[in-house]
Amino acid sequence: MCNMGGKYTKCAAPIIYNRNRRNRETMAKAKQKPAPHVFTIGAIKGGVAKTTTCGALAQAAAAAGKRTLCIDLDPQCNLSLWMGADFTKPNSCDVITGHPARDAVQEIGDNLSIICGSANLAQLKTGPGSAWRLFQALSGGTANDYEYIFIDTAPAMGELQNIALFASGRLIVPLEAETNSLQALYQIVDIAQHVDQTKHLQIVGAVVTKFDPRPKINRFMRDTIKDQAQAAGVPYLGEIRQGIAVREAQAMRQDLYSYAPNSKPAQDYLELFKKVAQED
């Protein structure tokens with residue numbers, strides 16, 4: 001009974017218990033959905049199969065039954081084109097400038113979604129909060145619906161790459177078996193170390209793509225890249241063998257694991273995903 005102006009009346013049911021119960025239920029749901037593993041696929045040099053690596057790893061994760069999201073931060077939007085994204089929907093540029101990430105997500109296959117890119121990324125004038133907004137978008141809410149997130153970036157030093165590295169916390173570096181790849185490796189490591197000063201960034205490793213083991217020079221450069229990467233403290237993740245299946249799948253706008261699951265690149269990317277997932 002409650003004293004209401006000298007009169008005793010029946011009290012209303014306490015609401016604090018219900019509130020506490022809702023909090024417990026919310027916390028329980030949060031525990032059921034751990035934070036996603038977020039990777040940036042980054043390289044300073046173009047033509048190293050950066051977009052292919054991002055898309056193939058995402059497709060490998062989805063094929064393995066993992067809920068996966070791709071984010072295209074390259075103004076060229078090649079990843080979005082491969083995935084058959086709808087460019088009329090909100091995109092990564094919108095998310096960076098404050099648009100809710102949930103409105104930009106497009107489901108494109110079993111266990112696979114994408115936030116498409118935009119040519120406007122090339123003219124995007126980022127501010128101090130740009131990296132933080134993408135980081136927040138990947139730190140809760142919609143992002144927690146996914147187990148793995150892979151971010152594709154432009155093949156150049158710049159703010160977009162810094163934003164991706166800050167938001168992800170993990171970096172995979174694709175390289176070709178050629179001399180110029182060594183300089184590209186040193187540059188991306190320098191950038192990663194700079195980002196690591198403000199937010200922990202793990203360099204997951206370097207992978208040699210489009211690898212043809214027949215020419216002796218390719219084997220020599222592969223071994224050199226491996227040695228130099230390890231000397232710089234970057235784990236070596238192996239090679240992705242050259243194969244026409246990837247180019248065909250991209251031209252057909254098809255998933256690599258639907259188009260040619262037994263091809264050499266598909267097998268190698270699946271093994272690469274298993275390796276980075278295990279190490280993560």
# chains A, B, ... in the order shown; residues from 1 in each chain; ligands from 1
>>> select_by_dssp(residues="stretch 146-279 of chain A", states="strand (DSSP E or B)", output="ChimeraX atom specification")
/A:148-153,170-175,202-211,236-241
>>> write_last_selection(atoms="C-alpha atoms", output="short mmCIF file (atom, residue, chain, number, x, y, z; two decimals), in the first residue's frame")
data_model
loop_
_atom_site.label_atom_id
_atom_site.label_comp_id
_atom_site.auth_asym_id
_atom_site.auth_seq_id
_atom_site.Cartn_x
_atom_site.Cartn_y
_atom_site.Cartn_z
CA TYR A 148 33.60 -10.87 -40.92
CA ILE A 149 33.93 -7.50 -42.65
CA PHE A 150 36.36 -6.84 -45.50
CA ILE A 151 37.17 -3.31 -46.68
CA ASP A 152 38.52 -2.55 -50.16
CA THR A 153 40.59 0.62 -50.55
CA ARG A 170 43.63 -5.44 -39.24
CA LEU A 171 45.53 -5.16 -42.52
CA ILE A 172 46.21 -7.70 -45.28
CA VAL A 173 48.69 -6.61 -47.97
CA PRO A 174 48.46 -8.19 -51.46
CA LEU A 175 51.60 -7.98 -53.60
CA GLN A 202 47.57 -5.49 -36.63
CA ILE A 203 49.34 -6.24 -39.90
CA VAL A 204 47.93 -9.71 -40.47
CA GLY A 205 50.37 -10.38 -43.29
CA ALA A 206 51.39 -10.10 -46.93
CA VAL A 207 50.22 -12.41 -49.70
CA VAL A 208 51.65 -12.78 -53.21
CA THR A 209 48.85 -12.77 -55.78
CA LYS A 210 48.56 -13.87 -59.40
CA PHE A 211 51.52 -16.14 -58.80
CA TYR A 236 54.02 -14.03 -44.91
CA LEU A 237 50.67 -15.61 -45.77
CA GLY A 238 51.59 -17.53 -48.94
CA GLU A 239 50.64 -17.27 -52.60
CA ILE A 240 47.48 -17.10 -54.68
CA ARG A 241 48.08 -18.98 -57.91
#
>>> select_by_dssp(residues="stretch 11-188 of chain A", states="helix (DSSP H, G or I)", output="PyMOL selection string")
chain A and resi 16-32+50-63+78-83+92-96+101-104+119-123+130-137+141-145+159-168+180-188
>>> closest_residue(among="A:Leu57, A:Ala35, A:Glu178, A:Tyr259", to="A:Lys275", atoms="only C-alpha atoms")
A:Leu57
>>> residues_around(residues="A:Met157", least_positions_apart="4", cutoff="12 Å", atoms="only C-alpha atoms", output="list in words")
Gly42, Ala43, Ile44, Lys45, Gly46, Asp74, Thr153, Gln161, Asn162, Ile163, Ala164, Leu165, Ala184, Gln187, Ile188, Val189, Asp190, Ile191 and Ala192 of chain A
>>> closest_residue(among="A:Ala266, A:Gln250, A:Ser168, A:Val276", to="A:Pro235", atoms="only C-alpha atoms")
A:Val276
>>> closest_residue(among="A:Met252, A:Ala85, A:Val195, A:Leu185", to="A:Lys226", atoms="only C-alpha atoms")
A:Leu185
>>> residues_around(residues="A:Cys93", least_positions_apart="2", cutoff="8 Å", atoms="only C-alpha atoms", output="PyMOL selection string")
chain A and resi 73+91+95-97+117-118+120-121+124
>>> residues_around(residues="A:Asp86", least_positions_apart="2", cutoff="12 Å", atoms="only C-alpha atoms", output="PyMOL selection string")
chain A and resi 77+79-84+88-91+104-108+113-118
>>> write_last_selection(atoms="all heavy atoms", output="short mmCIF file (atom, residue, chain, number, x, y, z; two decimals), in the first residue's frame")
data_model
loop_
_atom_site.label_atom_id
_atom_site.label_comp_id
_atom_site.auth_asym_id
_atom_site.auth_seq_id
_atom_site.Cartn_x
_atom_site.Cartn_y
_atom_site.Cartn_z
N CYS A 77 35.18 1.63 -57.61
CA CYS A 77 33.99 0.79 -57.36
C CYS A 77 34.04 -0.57 -58.05
O CYS A 77 32.99 -1.16 -58.34
CB CYS A 77 32.71 1.52 -57.77
SG CYS A 77 32.48 3.13 -56.99
N LEU A 79 34.91 -3.45 -56.85
CA LEU A 79 34.34 -4.48 -55.99
C LEU A 79 32.81 -4.46 -56.09
O LEU A 79 32.17 -5.52 -56.21
CB LEU A 79 34.78 -4.27 -54.55
CG LEU A 79 34.22 -5.28 -53.54
CD1 LEU A 79 34.71 -6.69 -53.83
CD2 LEU A 79 34.57 -4.87 -52.11
N SER A 80 32.24 -3.28 -56.06
CA SER A 80 30.78 -3.14 -56.16
C SER A 80 30.26 -3.67 -57.49
O SER A 80 29.21 -4.31 -57.56
CB SER A 80 30.38 -1.68 -55.97
OG SER A 80 30.83 -1.17 -54.74
N LEU A 81 31.01 -3.39 -58.56
CA LEU A 81 30.61 -3.89 -59.88
C LEU A 81 30.64 -5.41 -59.92
O LEU A 81 29.72 -6.04 -60.44
CB LEU A 81 31.54 -3.30 -60.95
CG LEU A 81 31.38 -1.80 -61.22
CD1 LEU A 81 32.54 -1.30 -62.08
CD2 LEU A 81 30.04 -1.53 -61.90
N TRP A 82 31.71 -6.00 -59.38
CA TRP A 82 31.82 -7.46 -59.35
C TRP A 82 30.65 -8.07 -58.58
O TRP A 82 30.05 -9.06 -59.00
CB TRP A 82 33.16 -7.85 -58.73
CG TRP A 82 33.39 -9.33 -58.63
CD1 TRP A 82 32.67 -10.34 -59.22
CD2 TRP A 82 34.44 -9.98 -57.90
NE1 TRP A 82 33.19 -11.58 -58.90
CE2 TRP A 82 34.29 -11.38 -58.09
CE3 TRP A 82 35.50 -9.51 -57.12
CZ2 TRP A 82 35.15 -12.30 -57.52
CZ3 TRP A 82 36.36 -10.45 -56.56
CH2 TRP A 82 36.18 -11.82 -56.75
N MET A 83 30.31 -7.45 -57.45
CA MET A 83 29.27 -8.00 -56.59
C MET A 83 27.86 -7.70 -57.09
O MET A 83 26.88 -8.16 -56.50
CB MET A 83 29.44 -7.46 -55.17
CG MET A 83 30.77 -7.79 -54.52
SD MET A 83 30.94 -9.55 -54.20
CE MET A 83 32.52 -9.57 -53.35
N GLY A 84 27.75 -6.92 -58.15
CA GLY A 84 26.42 -6.59 -58.67
C GLY A 84 25.63 -5.68 -57.77
O GLY A 84 24.40 -5.80 -57.67
N THR A 88 22.10 2.88 -56.78
CA THR A 88 21.10 3.86 -56.39
C THR A 88 20.90 3.88 -54.87
O THR A 88 20.23 4.77 -54.34
CB THR A 88 19.75 3.59 -57.07
OG1 THR A 88 19.20 2.35 -56.60
CG2 THR A 88 19.92 3.52 -58.58
N LYS A 89 21.47 2.92 -54.19
CA LYS A 89 21.34 2.82 -52.73
C LYS A 89 22.39 3.69 -52.04
O LYS A 89 23.39 4.08 -52.64
CB LYS A 89 21.51 1.37 -52.29
CG LYS A 89 20.55 0.38 -52.94
CD LYS A 89 19.14 0.56 -52.42
CE LYS A 89 18.21 -0.53 -52.98
NZ LYS A 89 16.83 -0.37 -52.49
N PRO A 90 22.18 4.02 -50.76
CA PRO A 90 23.23 4.72 -50.00
C PRO A 90 24.53 3.94 -50.05
O PRO A 90 24.52 2.70 -50.12
CB PRO A 90 22.64 4.78 -48.58
CG PRO A 90 21.16 4.73 -48.78
CD PRO A 90 20.95 3.82 -49.96
N ASN A 91 25.66 4.64 -50.00
CA ASN A 91 26.94 4.01 -50.21
C ASN A 91 27.93 4.35 -49.10
O ASN A 91 27.59 5.01 -48.12
CB ASN A 91 27.48 4.42 -51.58
CG ASN A 91 27.51 5.93 -51.74
OD1 ASN A 91 28.18 6.64 -50.99
ND2 ASN A 91 26.73 6.45 -52.71
N ALA A 104 22.62 1.42 -45.81
CA ALA A 104 23.51 1.25 -46.96
C ALA A 104 23.81 -0.21 -47.27
O ALA A 104 24.36 -0.52 -48.33
CB ALA A 104 24.82 2.00 -46.73
N VAL A 105 23.46 -1.12 -46.38
CA VAL A 105 23.78 -2.53 -46.57
C VAL A 105 22.86 -3.16 -47.61
O VAL A 105 21.64 -3.01 -47.56
CB VAL A 105 23.67 -3.30 -45.24
CG1 VAL A 105 23.84 -4.80 -45.46
CG2 VAL A 105 24.71 -2.81 -44.24
N GLN A 106 23.47 -3.87 -48.56
CA GLN A 106 22.72 -4.61 -49.58
C GLN A 106 23.06 -6.10 -49.48
O GLN A 106 24.24 -6.46 -49.49
CB GLN A 106 23.09 -4.12 -50.99
CG GLN A 106 22.88 -2.66 -51.24
CD GLN A 106 23.32 -2.27 -52.65
OE1 GLN A 106 23.08 -3.00 -53.62
NE2 GLN A 106 23.95 -1.11 -52.78
N GLU A 107 22.04 -6.93 -49.39
CA GLU A 107 22.28 -8.37 -49.41
C GLU A 107 22.45 -8.82 -50.86
O GLU A 107 21.61 -8.54 -51.71
CB GLU A 107 21.09 -9.11 -48.78
CG GLU A 107 20.94 -8.85 -47.29
CD GLU A 107 19.84 -9.72 -46.67
OE1 GLU A 107 19.33 -10.62 -47.36
OE2 GLU A 107 19.51 -9.46 -45.50
N ILE A 108 23.57 -9.50 -51.14
CA ILE A 108 23.87 -9.88 -52.51
C ILE A 108 24.05 -11.38 -52.68
O ILE A 108 24.31 -11.85 -53.79
CB ILE A 108 25.14 -9.16 -53.02
CG1 ILE A 108 26.29 -9.37 -52.04
CG2 ILE A 108 24.87 -7.68 -53.22
CD1 ILE A 108 27.60 -8.78 -52.52
N SER A 113 26.88 -9.61 -47.89
CA SER A 113 26.28 -8.29 -48.11
C SER A 113 27.38 -7.31 -48.48
O SER A 113 28.57 -7.59 -48.31
CB SER A 113 25.54 -7.80 -46.86
OG SER A 113 24.49 -8.68 -46.49
N ILE A 114 26.97 -6.14 -48.96
CA ILE A 114 27.94 -5.13 -49.35
C ILE A 114 27.40 -3.73 -49.07
O ILE A 114 26.19 -3.49 -49.12
CB ILE A 114 28.30 -5.24 -50.86
CG1 ILE A 114 29.50 -4.35 -51.22
CG2 ILE A 114 27.11 -4.90 -51.73
CD1 ILE A 114 30.04 -4.57 -52.62
N ILE A 115 28.33 -2.82 -48.72
CA ILE A 115 28.08 -1.39 -48.78
C ILE A 115 28.87 -0.90 -49.97
O ILE A 115 30.11 -0.95 -49.96
CB ILE A 115 28.51 -0.68 -47.48
CG1 ILE A 115 27.66 -1.15 -46.31
CG2 ILE A 115 28.40 0.84 -47.64
CD1 ILE A 115 28.06 -0.54 -44.97
N CYS A 116 28.17 -0.48 -51.01
CA CYS A 116 28.85 -0.21 -52.28
C CYS A 116 29.64 1.09 -52.22
O CYS A 116 29.47 1.92 -51.32
CB CYS A 116 27.85 -0.18 -53.42
SG CYS A 116 26.76 1.28 -53.44
N GLY A 117 30.54 1.23 -53.19
CA GLY A 117 31.34 2.43 -53.29
C GLY A 117 30.64 3.52 -54.08
O GLY A 117 29.50 3.37 -54.52
N SER A 118 31.36 4.62 -54.27
CA SER A 118 30.82 5.75 -55.03
C SER A 118 31.98 6.54 -55.63
O SER A 118 33.03 6.69 -55.00
CB SER A 118 29.99 6.66 -54.11
OG SER A 118 29.69 7.89 -54.74
#
>>> residues_around(residues="A:Ala177", least_positions_apart="5", cutoff="6 Å", atoms="only C-alpha atoms", output="list of chain:residue names")
A:Asn218, A:Met221, A:Arg222
>>> atom_distance(atom1="atom CA of A:Ala62", atom2="atom CA of A:Pro36")
13.6 Å
>>> closest_residue(among="A:Ala277, A:Leu138, A:Ile41, A:Ala119", to="A:Lys66", atoms="only C-alpha atoms")
A:Ala277
>>> atom_distance(atom1="atom CA of A:Lys274", atom2="atom CA of A:Phe39")
13.8 Å
